[in-house]
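The structure under discussion appears below in the form of structure tokens.
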Amino acid sequence: MEQEKLLHKLRNGDLKAYAFVFDKHYAWLCNYVFKLSHDRALSEDIVQDVFLKIWEQKKTINISSSLKNYLFKSCHNQFLMHVRREKVHRDMLDNIRWDLLFDKYTDESEYNSKREKLFELIEKLPPRCREIFVKNKLENRKYREIATEMQISIKTVESQMSKALHFLKQHATTFLL
């Protein structure tokens with residue numbers, strides 16, 4: 001079916017045209033997203049979400065490239081949005097874990113002792129890593145703020161935070177339990 005006619009039919013809510021596009025591209029798109037995610041169910045969910053959005057926005061959809069490219073880019077972007085949401089959830093859980101660690105100790109002397117040991121561990125971090133960790137966890141600053149202030153990329157901030165948290169988790173478990 002010629003792409004212009006197909007797009008016209010899609011915009012007009014033609015179920016046969018929609019089914020044709022779905023049948024033709026679904027498996028290929030699922031395989032593409034699976035290569036990114038290594039999760040079959042997630043891949044299918046993402047592709048189904050893309051097709052659902054196409055149906056819901058059929059009247060206003062604007063496809064300037066080929067339909068296949070549009071579907072490919074839509075699935076890719078949907079996957080990236082999923083990854084970002086997951087990262088936010090992991091960061092929130094990480095913050096909760098840190099809060100719980102500090103809240104767990106009600107005995108002030110024990111708390112102070114453990115806090116001192118934690119700060120000693122923080123001091124063992126490489127300077128840049130320590131600076132980023134302190135700005136984020138102790139000063140409650142966002143990655144974007146830190147990146148702007150230090151004139152580095154957000155990815156660098158994320159990487160340094162990951163290193164700091166990994167180091168602290170490895171070494172803090174011995175005295176925080």
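Just remember, in the structure tokens the first chain shown is A, the second B, etc., residues are 1-based per chain, and ligands are 1-based in the order shown.
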
Nearby residues (only C-alpha atoms) at most 12 Å from A:Met150, same-chain spacing under 5 positions excluded, as a ChimeraX atom specification: /A:128-129,131-132,135,143-145,156-157

Compile the contact shell of stretch 79-85 of chain A as a PDB file with N, CA and C atoms, in the first residue's frame: residues with an atom at most 10 Å away, counting only C-alpha atoms, same-chain residues fewer than 2 positions apart removed.
ATOM      1  N   VAL A  33      13.335  -3.237  20.190  1.00  0.00           N
ATOM      2  CA  VAL A  33      13.305  -2.793  21.584  1.00  0.00           C
ATOM      3  C   VAL A  33      13.873  -3.874  22.505  1.00  0.00           C
ATOM      4  N   PHE A  34      13.650  -5.134  22.171  1.00  0.00           N
ATOM      5  CA  PHE A  34      14.207  -6.225  22.971  1.00  0.00           C
ATOM      6  C   PHE A  34      15.733  -6.172  22.976  1.00  0.00           C
ATOM      7  N   LEU A  36      17.490  -3.592  22.945  1.00  0.00           N
ATOM      8  CA  LEU A  36      17.868  -2.510  23.861  1.00  0.00           C
ATOM      9  C   LEU A  36      17.614  -2.889  25.320  1.00  0.00           C
ATOM     10  N   SER A  37      16.492  -3.559  25.562  1.00  0.00           N
ATOM     11  CA  SER A  37      16.045  -3.769  26.942  1.00  0.00           C
ATOM     12  C   SER A  37      16.352  -5.149  27.515  1.00  0.00           C
ATOM     13  N   LEU A  42       8.637  -6.025  28.458  1.00  0.00           N
ATOM     14  CA  LEU A  42       8.825  -4.574  28.358  1.00  0.00           C
ATOM     15  C   LEU A  42       8.817  -4.144  26.895  1.00  0.00           C
ATOM     16  N   SER A  43       9.481  -4.910  26.036  1.00  0.00           N
ATOM     17  CA  SER A  43       9.535  -4.594  24.611  1.00  0.00           C
ATOM     18  C   SER A  43       8.132  -4.543  24.028  1.00  0.00           C
ATOM     19  N   ASP A  45       5.323  -4.101  25.644  1.00  0.00           N
ATOM     20  CA  ASP A  45       4.595  -2.974  26.241  1.00  0.00           C
ATOM     21  C   ASP A  45       4.934  -1.662  25.544  1.00  0.00           C
ATOM     22  N   ILE A  46       6.211  -1.445  25.299  1.00  0.00           N
ATOM     23  CA  ILE A  46       6.644  -0.201  24.661  1.00  0.00           C
ATOM     24  C   ILE A  46       6.064  -0.093  23.254  1.00  0.00           C
ATOM     25  N   VAL A  47       6.164  -1.157  22.472  1.00  0.00           N
ATOM     26  CA  VAL A  47       5.650  -1.124  21.100  1.00  0.00           C
ATOM     27  C   VAL A  47       4.130  -0.935  21.111  1.00  0.00           C
ATOM     28  N   LYS A  73      11.664   5.489  15.493  1.00  0.00           N
ATOM     29  CA  LYS A  73      12.041   6.595  16.384  1.00  0.00           C
ATOM     30  C   LYS A  73      11.108   6.672  17.589  1.00  0.00           C
ATOM     31  N   SER A  74       9.821   6.449  17.350  1.00  0.00           N
ATOM     32  CA  SER A  74       8.848   6.494  18.451  1.00  0.00           C
ATOM     33  C   SER A  74       9.158   5.422  19.490  1.00  0.00           C
ATOM     34  N   CYS A  75       9.455   4.219  19.042  1.00  0.00           N
ATOM     35  CA  CYS A  75       9.791   3.132  19.972  1.00  0.00           C
ATOM     36  C   CYS A  75      11.097   3.431  20.704  1.00  0.00           C
ATOM     37  N   HIS A  76      12.062   3.952  19.988  1.00  0.00           N
ATOM     38  CA  HIS A  76      13.349   4.297  20.593  1.00  0.00           C
ATOM     39  C   HIS A  76      13.145   5.359  21.681  1.00  0.00           C
ATOM     40  N   ASN A  77      12.388   6.403  21.363  1.00  0.00           N
ATOM     41  CA  ASN A  77      12.133   7.469  22.337  1.00  0.00           C
ATOM     42  C   ASN A  77      11.330   6.961  23.526  1.00  0.00           C
ATOM     43  N   LYS A  87      15.422   5.343  36.225  1.00  0.00           N
ATOM     44  CA  LYS A  87      16.529   5.978  36.925  1.00  0.00           C
ATOM     45  C   LYS A  87      16.008   6.863  38.053  1.00  0.00           C
ATOM     46  N   VAL A  88      14.950   7.594  37.793  1.00  0.00           N
ATOM     47  CA  VAL A  88      14.348   8.432  38.829  1.00  0.00           C
ATOM     48  C   VAL A  88      13.887   7.566  39.995  1.00  0.00           C
ATOM     49  N   HIS A  89      13.256   6.435  39.689  1.00  0.00           N
ATOM     50  CA  HIS A  89      12.800   5.532  40.752  1.00  0.00           C
ATOM     51  C   HIS A  89      13.992   4.987  41.548  1.00  0.00           C
ATOM     52  N   ARG A  90      15.063   4.604  40.852  1.00  0.00           N
ATOM     53  CA  ARG A  90      16.248   4.090  41.561  1.00  0.00           C
ATOM     54  C   ARG A  90      16.842   5.173  42.456  1.00  0.00           C
ATOM     55  N   ASP A  91      16.912   6.409  41.952  1.00  0.00           N
ATOM     56  CA  ASP A  91      17.455   7.504  42.752  1.00  0.00           C
ATOM     57  C   ASP A  91      16.591   7.760  43.987  1.00  0.00           C
TER      58      ASP A  91
END

Stretch 29-138 of chain A: residues DSSP assigns to helix (DSSP H, G or I), reported as number ranges by chain: A: 29-37, 40-56, 67-104, 108-123, 127-138

Within 12 Å of A:Glu120 using only C-alpha atoms, minus same-chain residues under 2 positions, as a list in words: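 Returned residues: Ser113, Lys114, Arg115, Glu116, Lys117, Leu118, Ile122, Glu123, Lys124, Leu125, Arg130, Leu168, His171, Ala172 and Phe175 of chain A.
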
Who sits within 9 Å of stretch 54-56 of chain A, only C-alpha atoms, same chain under 3 positions skipped, as a list in words: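 That gives Leu10, Arg11, Gly13, Tyr18, Asp49, Val50, Phe51, Lys59 and Ile61 of chain A.
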
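Nearest to A:His25 of all the residues A:Leu71, A:Ala41, A:Leu52, A:Leu7 is A:Leu71, counting only C-alpha atoms.
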
Atom CA of A:Pro126 to atom CA of A:Asn112, straight-line distance in Å: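 Computing it gives 23.7 Å between the two atoms.
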
Selection near A:Glu4, 12 Å with only C-alpha atoms, sequence-local residues under 5 positions removed, as a PyMOL selection string: chain A and resi 9-11+17+62-67

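The space between atom CA of A:Leu15 and atom CA of A:Asp39 spans 29.1 Å.
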
Separation of atom CA of A:Gln48 from atom CA of A:Tyr32 in Å: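 Computed distance, atom CA of A:Tyr32 to atom CA of A:Gln48, equals 13.3 Å.
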
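When only C-alpha atoms are used to compute distances to A:Phe167, the closest of the residues A:Phe133, A:Phe72, A:Phe20, A:Trp28 turns out to be A:Phe133.
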
Nearest to A:Leu29, chosen from A:Lys53, A:Lys68, A:Arg141, A:Lys58, with only C-alpha atoms counted in the distances: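 Answer, going by the shortest atom-to-atom distance: A:Lys68.
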